[in-house]
>>> print(open('data-v7.tsv').read())   # TSV, C-alpha atoms
chain	number	residue	atom	x	y	z
A	1314	PRO	CA	74.20	96.45	88.48
A	1315	LEU	CA	74.34	92.95	89.98
A	1316	VAL	CA	78.11	93.18	90.31
A	1317	THR	CA	78.38	96.78	91.53
A	1318	ASP	CA	75.57	96.25	94.03
A	1319	ALA	CA	77.24	93.14	95.41
A	1320	ALA	CA	80.52	95.00	95.91
A	1321	ALA	CA	78.82	98.00	97.53
A	1322	GLU	CA	76.82	95.80	99.89
A	1323	GLN	CA	80.08	94.33	101.24
A	1324	GLY	CA	81.78	97.72	101.41
A	1325	ILE	CA	84.27	96.58	98.75
A	1326	ARG	CA	85.72	99.19	96.41
A	1327	MET	CA	85.67	98.53	92.71
A	1328	ASP	CA	86.92	100.23	89.55
A	1329	MET	CA	85.54	99.96	86.04
A	1330	GLU	CA	87.13	100.61	82.68
A	1331	PHE	CA	86.28	103.75	80.74
A	1332	VAL	CA	86.72	103.78	76.96
A	1333	SER	CA	85.74	107.37	76.20
A	1334	GLU	CA	84.79	107.06	72.52
A	1335	VAL	CA	81.77	104.96	73.55
A	1336	TYR	CA	80.27	107.84	75.54
A	1337	GLN	CA	80.40	110.23	72.60
A	1338	GLU	CA	77.66	108.18	70.98
A	1339	ALA	CA	74.25	109.76	71.47
A	1340	ARG	CA	72.69	106.68	73.05
A	1341	TRP	CA	75.36	106.53	75.81
A	1342	GLN	CA	75.98	110.22	76.48
A	1343	HIS	CA	73.80	110.21	79.60
A	1344	LEU	CA	75.83	107.51	81.37
A	1345	PRO	CA	78.80	109.52	82.75
A	1346	GLU	CA	76.39	111.62	84.79
A	1347	ILE	CA	74.73	108.48	86.16
A	1348	TYR	CA	78.16	107.07	87.02
A	1349	ARG	CA	79.14	110.27	88.81
A	1350	TYR	CA	76.04	110.56	90.96
A	1351	ARG	CA	75.06	106.93	91.53
A	1352	LEU	CA	78.20	104.78	91.39
A	1353	ILE	CA	81.06	106.95	92.64
A	1354	PRO	CA	79.33	107.64	96.01
A	1355	GLN	CA	79.12	103.84	96.47
A	1356	GLY	CA	82.88	103.41	96.07
A	1357	ILE	CA	82.77	102.53	92.36
A	1358	ARG	CA	85.34	104.56	90.41
A	1359	PHE	CA	86.67	104.56	86.86
A	1360	PHE	CA	90.10	104.10	85.32
A	1361	GLY	CA	91.17	105.24	81.89
A	1362	HIS	CA	91.15	102.55	79.20
A	1363	GLY	CA	91.94	104.50	76.05
A	1364	HIS	CA	89.80	106.67	73.81
A	1365	THR	CA	89.31	103.49	71.80
A	1366	HIS	CA	89.77	99.92	73.02
A	1367	ALA	CA	93.02	99.50	71.11
A	1368	LEU	CA	96.35	97.79	71.68
A	1369	HIS	CA	98.46	100.85	72.34
A	1370	ASP	CA	101.75	98.97	72.00
A	1371	THR	CA	101.00	98.73	68.27
A	1372	MET	CA	100.98	102.54	68.04
A	1373	THR	CA	103.63	105.20	67.78
A	1374	TYR	CA	104.18	107.42	70.81
A	1375	GLU	CA	102.16	110.19	69.12
A	1376	ALA	CA	99.16	107.97	68.37
A	1377	ALA	CA	99.18	106.43	71.84
A	1378	TYR	CA	99.48	109.87	73.43
A	1379	GLU	CA	96.49	111.13	71.42
A	1380	SER	CA	94.35	108.22	72.64
A	1381	PHE	CA	95.49	108.60	76.25
A	1382	SER	CA	95.03	112.36	76.31
A	1383	GLN	CA	91.58	112.21	74.70
A	1384	ASN	CA	90.60	109.63	77.29
A	1385	PHE	CA	92.03	111.72	80.13
A	1386	ASP	CA	90.49	115.00	78.96
A	1387	LEU	CA	87.01	113.59	78.38
A	1388	MET	CA	86.97	111.78	81.71
A	1389	THR	CA	88.01	115.05	83.36
A	1390	SER	CA	85.30	117.03	81.58
A	1391	TRP	CA	82.71	114.49	82.73
A	1392	GLY	CA	83.79	114.72	86.37
A	1393	LEU	CA	85.27	111.21	86.63
A	1394	ARG	CA	88.68	112.39	87.94
A	1395	PRO	CA	91.06	110.17	85.98
A	1396	ARG	CA	94.27	109.23	87.77
A	1397	ALA	CA	94.80	105.50	87.14
A	1398	TYR	CA	94.91	103.73	83.79
A	1399	ALA	CA	94.68	100.14	82.52
A	1400	TYR	CA	95.98	99.10	79.10
A	1401	PRO	CA	93.50	97.25	76.87
A	1402	GLY	CA	94.91	93.79	76.33
A	1403	SER	CA	97.58	94.70	78.90
A	1404	ALA	CA	99.44	96.12	75.88
A	1405	GLY	CA	101.52	98.69	77.68
A	1406	ARG	CA	104.94	97.06	77.81
A	1407	LYS	CA	106.72	99.47	75.44
A	1408	VAL	CA	108.55	102.36	77.08
A	1409	SER	CA	107.03	104.76	74.54
A	1410	THR	CA	103.51	103.59	75.45
A	1411	GLN	CA	104.16	104.05	79.14
A	1412	THR	CA	105.70	107.47	78.56
A	1413	ALA	CA	102.70	108.56	76.50
A	1414	CYS	CA	100.35	107.41	79.28
A	1415	ARG	CA	102.28	109.42	81.86
A	1416	ASP	CA	102.54	112.50	79.63
A	1417	ALA	CA	98.76	112.45	79.09
A	1418	GLY	CA	98.22	113.00	82.83
A	1419	PHE	CA	97.77	109.58	84.39
A	1420	ILE	CA	99.84	108.84	87.49
A	1421	CYS	CA	99.98	105.04	87.13
A	1422	ALA	CA	98.89	102.19	84.88
A	1423	ARG	CA	98.45	98.46	85.14
A	1424	GLY	CA	98.90	95.46	82.93
A	1425	ALA	CA	98.72	91.74	83.68
A	1426	GLU	CA	101.00	89.33	85.55
A	1427	LEU	CA	100.57	85.58	85.13
A	1428	ASN	CA	103.28	84.71	87.66
A	1429	LEU	CA	101.34	84.96	90.90
A	1430	ASN	CA	104.55	85.25	92.90
A	1431	LYS	CA	105.23	88.56	91.14
A	1432	ALA	CA	101.69	89.91	91.41
A	1433	ILE	CA	101.94	91.35	94.93
A	1434	ILE	CA	103.00	94.99	94.86
A	1435	VAL	CA	105.15	96.70	97.54
A	1436	PRO	CA	105.28	93.72	99.93
A	1437	GLY	CA	106.80	94.10	103.38
A	1438	GLU	CA	109.17	97.06	103.67
A	1439	GLU	CA	109.17	97.94	99.97
A	1440	LEU	CA	107.99	101.49	99.39
A	1441	ALA	CA	107.54	101.63	95.61
A	1442	PRO	CA	106.83	99.20	92.76
A	1443	GLU	CA	109.38	98.50	90.05
A	1444	ASN	CA	107.35	100.40	87.46
A	1445	TRP	CA	104.41	102.69	88.17
A	1446	PHE	CA	103.32	102.45	84.53
A	1447	TYR	CA	103.13	98.68	84.31
A	1448	LEU	CA	101.73	97.50	87.60
A	1449	PRO	CA	100.94	93.77	87.77
A	1450	SER	CA	97.45	92.39	88.21
A	1451	VAL	CA	95.97	88.95	88.78
A	1452	VAL	CA	93.78	87.98	85.82
A	1453	MET	CA	90.45	86.33	86.62
A	1454	GLY	CA	88.23	84.36	84.25
A	1455	ASN	CA	88.28	81.42	81.83
A	1456	ALA	CA	89.95	82.92	78.75
A	1457	SER	CA	93.19	81.08	79.55
A	1458	HIS	CA	94.18	78.08	81.64
A	1459	ARG	CA	96.66	80.41	83.38
A	1460	TYR	CA	93.89	82.70	84.66
A	1461	LEU	CA	92.04	82.14	87.93
A	1462	ASP	CA	88.62	80.87	86.87
A	1463	ARG	CA	87.02	80.11	90.22
A	1464	HIS	CA	86.94	81.35	93.78
A	1465	GLU	CA	89.08	78.63	95.36
A	1466	LYS	CA	92.06	79.58	93.20
A	1467	LEU	CA	92.01	83.16	94.50
A	1468	LEU	CA	92.18	82.31	98.20
A	1469	PRO	CA	95.94	81.55	98.30
A	1470	VAL	CA	96.60	84.89	96.58
A	1471	LEU	CA	94.60	86.78	99.18
A	1472	ASP	CA	96.29	84.94	102.04
A	1473	ARG	CA	99.74	85.58	100.55
A	1474	THR	CA	98.91	89.27	100.19
A	1475	VAL	CA	97.98	89.50	103.87
A	1476	GLU	CA	101.08	87.53	104.88
A	1477	LYS	CA	103.43	89.72	102.85
A	1478	GLY	CA	101.69	92.97	103.71
A	1479	GLY	CA	101.36	94.02	100.08
A	1480	TRP	CA	98.91	95.29	97.49
A	1481	VAL	CA	97.21	93.12	94.89
A	1482	ILE	CA	95.04	94.17	91.93
A	1483	LEU	CA	92.40	91.76	90.64
A	1484	MET	CA	91.34	92.09	86.99
A	1485	TYR	CA	87.88	90.77	86.11
A	1486	HIS	CA	85.99	90.94	82.82
A	1487	ALA	CA	82.73	89.10	82.08
A	1488	ILE	CA	81.41	88.54	85.60
A	1489	GLY	CA	78.20	86.52	85.33
A	1490	ILE	CA	78.15	86.79	81.52
A	1491	PRO	CA	78.90	83.34	79.99
A	1492	SER	CA	79.06	84.74	76.46
A	1493	GLY	CA	81.59	87.45	77.41
A	1494	TRP	CA	85.37	87.36	77.15
A	1495	SER	CA	87.00	85.62	80.13
A	1496	TYR	CA	83.76	84.62	81.83
A	1497	TYR	CA	83.79	84.46	85.64
A	1498	PRO	CA	80.76	83.10	87.52
A	1499	PHE	CA	78.88	85.65	89.60
A	1500	GLU	CA	78.61	83.29	92.57
A	1501	ASP	CA	82.40	82.94	92.63
A	1502	PHE	CA	82.74	86.71	92.45
A	1503	ARG	CA	80.37	87.09	95.39
A	1504	GLN	CA	82.51	84.65	97.37
A	1505	ASP	CA	85.63	86.58	96.34
A	1506	ILE	CA	84.39	89.87	97.75
A	1507	GLU	CA	83.20	88.16	100.92
A	1508	ALA	CA	86.67	86.67	101.34
A	1509	ILE	CA	88.28	90.08	100.82
A	1510	ALA	CA	85.94	91.65	103.38
A	1511	ALA	CA	86.72	88.91	105.91
A	1512	ARG	CA	90.50	89.40	105.74
A	1513	ASP	CA	92.80	92.04	107.18
A	1514	LEU	CA	92.90	93.95	103.91
A	1515	TRP	CA	92.23	97.56	102.97
A	1516	SER	CA	89.81	97.46	100.05
A	1517	ALA	CA	90.82	100.51	98.05
A	1518	ASN	CA	90.10	101.98	94.66
A	1519	PHE	CA	92.98	101.61	92.21
A	1520	ASP	CA	93.87	105.30	92.19
A	1521	ALA	CA	93.53	105.62	95.97
A	1522	ALA	CA	95.94	102.74	96.60
A	1523	ALA	CA	98.43	104.28	94.18
A	1524	VAL	CA	98.18	107.73	95.76
A	1525	TYR	CA	98.53	106.26	99.26
A	1526	THR	CA	101.66	104.37	98.22
A	1527	MET	CA	103.19	107.44	96.52
A	1528	GLU	CA	102.48	109.65	99.52
A	1529	ARG	CA	103.96	107.09	101.89
A	1530	GLU	CA	107.15	106.86	99.83
A	1531	ALA	CA	107.55	110.65	99.67
A	1532	LEU	CA	106.64	111.28	103.31
A	1533	THR	CA	108.89	113.32	105.60
A	1534	LEU	CA	108.41	113.93	109.32
A	1535	ASP	CA	110.45	116.68	110.98
A	1536	ILE	CA	110.43	117.58	114.66
A	1537	LEU	CA	110.41	121.38	114.88
A	1538	PRO	CA	112.85	122.71	117.49
A	1539	GLY	CA	112.21	125.86	119.52
A	1540	VAL	CA	108.44	125.85	119.06
A	1541	HIS	CA	107.67	125.09	122.70
A	1542	GLU	CA	109.30	125.79	126.04
A	1543	PRO	CA	111.50	122.99	127.43
A	1544	GLY	CA	109.63	120.72	129.79
A	1545	ASP	CA	106.14	121.72	128.70
A	1546	GLY	CA	105.44	118.23	127.33
A	1547	LEU	CA	104.72	119.40	123.78
A	1548	THR	CA	106.32	118.27	120.53
A	1549	THR	CA	105.37	119.63	117.11
A	1550	ILE	CA	106.02	117.55	114.00
A	1551	ARG	CA	105.78	118.76	110.40
A	1552	ILE	CA	104.27	116.10	108.12
A	1553	LYS	CA	104.54	116.58	104.37
A	1554	ASP	CA	105.12	114.70	101.14
A	1555	GLY	CA	105.98	117.47	98.68
A	1556	LEU	CA	103.34	116.25	96.22
A	1557	ALA	CA	100.56	118.29	94.60
A	1558	ASP	CA	97.75	118.47	97.17
A	1559	ASP	CA	94.97	118.64	94.59
A	1560	LEU	CA	96.04	115.30	93.14
A	1561	TYR	CA	97.55	113.44	96.08
A	1562	ASP	CA	94.87	113.65	98.76
A	1563	GLU	CA	94.57	110.20	100.32
A	1564	PRO	CA	94.82	110.12	104.13
A	1565	LEU	CA	97.73	108.19	105.58
A	1566	THR	CA	97.47	106.36	108.90
A	1567	PHE	CA	99.95	107.38	111.59
A	1568	GLU	CA	100.76	105.70	114.88
A	1569	VAL	CA	102.03	107.34	118.05
A	1570	ILE	CA	103.38	105.14	120.84
A	1571	ALA	CA	104.18	106.56	124.28
A	1572	TYR	CA	106.05	104.46	126.80
A	1573	ARG	CA	105.81	106.47	130.04
A	1574	THR	CA	102.64	108.53	129.95
A	1575	ASP	CA	99.45	109.09	127.99
A	1576	VAL	CA	99.58	111.50	125.08
A	1577	THR	CA	97.13	113.36	122.85
A	1578	VAL	CA	97.47	114.41	119.23
A	1579	GLU	CA	96.27	117.75	117.83
A	1580	ILE	CA	96.25	119.13	114.31
A	1581	ASP	CA	95.68	122.89	114.02
A	1582	GLU	CA	94.76	122.96	117.71
A	1583	ARG	CA	92.02	120.39	117.11
A	1584	LEU	CA	92.11	117.18	119.11
A	1585	ILE	CA	92.56	114.23	116.75
A	1586	ALA	CA	93.36	111.32	119.06
A	1587	GLY	CA	93.89	110.47	122.71
A	1588	PRO	CA	94.56	110.36	125.46
A	1589	GLY	CA	96.34	107.03	125.32
A	1590	ARG	CA	99.67	105.32	124.95
A	1591	ARG	CA	99.06	103.89	121.46
A	1592	LEU	CA	97.18	106.22	119.18
A	1593	LEU	CA	96.20	105.92	115.53
A	1594	PHE	CA	95.11	108.88	113.45
A	1595	GLU	CA	94.65	109.69	109.78
A	1596	ALA	CA	95.86	112.80	107.99
A	1597	ILE	CA	96.62	113.95	104.47
A	1598	PRO	CA	100.31	114.97	104.47
A	1599	THR	CA	99.76	118.51	103.21
A	1600	ASP	CA	102.54	120.21	105.21
A	1601	LEU	CA	100.64	119.65	108.46
A	1602	LEU	CA	101.76	120.67	111.92
A	1603	VAL	CA	100.94	117.90	114.38
A	1604	THR	CA	101.33	118.52	118.12
A	1605	VAL	CA	101.83	115.61	120.49
A	1606	SER	CA	101.35	116.47	124.15
A	1607	THR	CA	101.72	114.49	127.37
A	1608	THR	CA	98.78	114.44	129.78
>>> encode(input="data-v7.tsv", output="C-alpha cells")
Amino acid sequence: PLVTDAAAEQGIRMDMEFVSEVYQEARWQHLPEIYRYRLIPQGIRFFGHGHTHALHDTMTYEAAYESFSQNFDLMTSWGLRPRAYAYPGSAGRKVSTQTACRDAGFICARGAELNLNKAIIVPGEELAPENWFYLPSVVMGNASHRYLDRHEKLLPVLDRTVEKGGWVILMYHAIGIPSGWSYYPFEDFRQDIEAIAARDLWSANFDAAAVYTMEREALTLDILPGVHEPGDGLTTIRIKDGLADDLYDEPLTFEVIAYRTDVTVEIDERLIAGPGRRLLFEAIPTDLLVTVSTT
C-alpha cells in the first residue's frame, strides 16, 4: 500500500505482476476483487506473470502455453483484463515461449535489458519495436551491480527518454523491503516517481502504452471526397486503425494546424476542439468521421 499510494498521489500509473496460482489459494481468493475495485480505479493495473512463477524458457511450447493460457483465462474471469505480460526471470527469449504467450491471448510481453542504450522503445520516428514479445525494460534494485539501485542512476535514463521521444519500462521488485529480491529503497522510489511526474512524459500503464503504439502504427487517415459542396469550408477525414475495437481502445492525440483561418473539429456532429489555428484532440481510431471546418 505504501508504494501504490505513493504512485497514485503523484498521478503515476503502475502495473503489478499477477501469478494466478496464488489466488486460487483460499486465503488469497478475496484479493482480485479488492484489486479490481480499489487499485484499478487509481491507475494500478496488472500484467500476466504466469500461472506459476516459473522460467518459461525451460518449458516446451505446450507447457508454456498451458501456463500462459491459465494465467490469461483466470485474470479474465476475475475482471483484470489481461493484455500485457512479463516473463518471470525475464525468461522469454525462446521463439516458442514468445509464440505460446501470443497464442494464449496476450498482445505483448517484456523481458529485461541491461544495455541502457537499447532500453528505450520506439524512439523518434520509429513506429514499432523490434519484437512485441520481448520488450526491453530497465531493471531497478540491488540484485546485480548492473541494475539501477538508487534514484540518481535513473535520472539519465529519464532524460534520454524525453530527448529521444521514446517509451521506457521500469522494472522494480522489492521496493522498501530490504529482505526481498532486488531491494530498492522506498525513498528512492518516491524520488523516481516525482522525477517522472516533473518531466514531459506520459505516465501510462504497460498495456495502454502498447495499445497506443500499435494503434499509431496501424493508423490511416483518408480525406473523403464528395461529402461536402466545394467552397463550404468543410473537410471530412476517416480515422481508423483496422484493429479490434474491444481490445485496442486507447485514445490517440491528433493535431490540426490551420495557416490562414481558425478551424473547429467535430466528431459525429459534436464539437471536439476549436476554434483556433492549432488544435489538439483525442479520439479512439474506431473508423471515425472527423469534420474540420473553417470559421
>>> atom_distance(input="data-v7.tsv", atom1="atom CA of A:Ala1320", atom2="atom CA of A:Phe1359")
14.5 Å
>>> residues_around(input="data-v7.tsv", residues="stretch 1327-1344 of chain A", least_positions_apart="5", cutoff="10 Å", atoms="all atoms listed in the file", output="ChimeraX atom specification")
/A:1316-1317,1320-1321,1349,1352-1353,1355-1367,1380-1381,1383-1388,1391,1393,1395,1397-1401,1483-1486,1516-1520
>>> residues_around(input="data-v7.tsv", residues="A:Gly1493", least_positions_apart="5", cutoff="12 Å", atoms="only C-alpha atoms", output="PyMOL selection string")
chain A and resi 1454-1456+1485-1488+1498
>>> atom_distance(input="data-v7.tsv", atom1="atom CA of A:Ala1511", atom2="atom CA of A:Pro1436")
20.1 Å
>>> residues_around(input="data-v7.tsv", residues="stretch 1408-1414 of chain A", least_positions_apart="6", cutoff="6 Å", atoms="only C-alpha atoms", output="compact mmCIF listing (two decimals) with C-alpha atoms, in the frame of the given file")
# COMPACT_ATOMS: atom_id res chain seq x y z
CA TYR A 1374 104.18 107.42 70.81
CA TYR A 1378 99.48 109.87 73.43
CA PHE A 1381 95.49 108.60 76.25
CA PHE A 1446 103.32 102.45 84.53
>>> closest_residue(input="data-v7.tsv", among="A:Ala1557, A:Ala1510, A:Val1452, A:Ala1404", to="A:Gln1323", atoms="all atoms listed in the file")
A:Ala1510
>>> residues_near_point(input="data-v7.tsv", point="(110.2, 118.9, 111.6)", cutoff="6 Å", atoms="all atoms listed in the file", output="VMD selection string")
chain A and resid 1534 to 1537 1550 to 1551
>>> closest_residue(input="data-v7.tsv", among="A:Ile1434, A:Met1527, A:Ile1580, A:Leu1514", to="A:Gly1555", atoms="only C-alpha atoms")
A:Met1527
>>> atom_distance(input="data-v7.tsv", atom1="atom CA of A:Ile1433", atom2="atom CA of A:Leu1592")
28.8 Å
>>> closest_residue(input="data-v7.tsv", among="A:Thr1533, A:Thr1526, A:Thr1604, A:Thr1474", to="A:Ile1509", atoms="all atoms listed in the file")
A:Thr1474
>>> closest_residue(input="data-v7.tsv", among="A:Val1470, A:Ala1596, A:Ile1490, A:Ala1417", to="A:Leu1315", atoms="all atoms listed in the file")
A:Ile1490
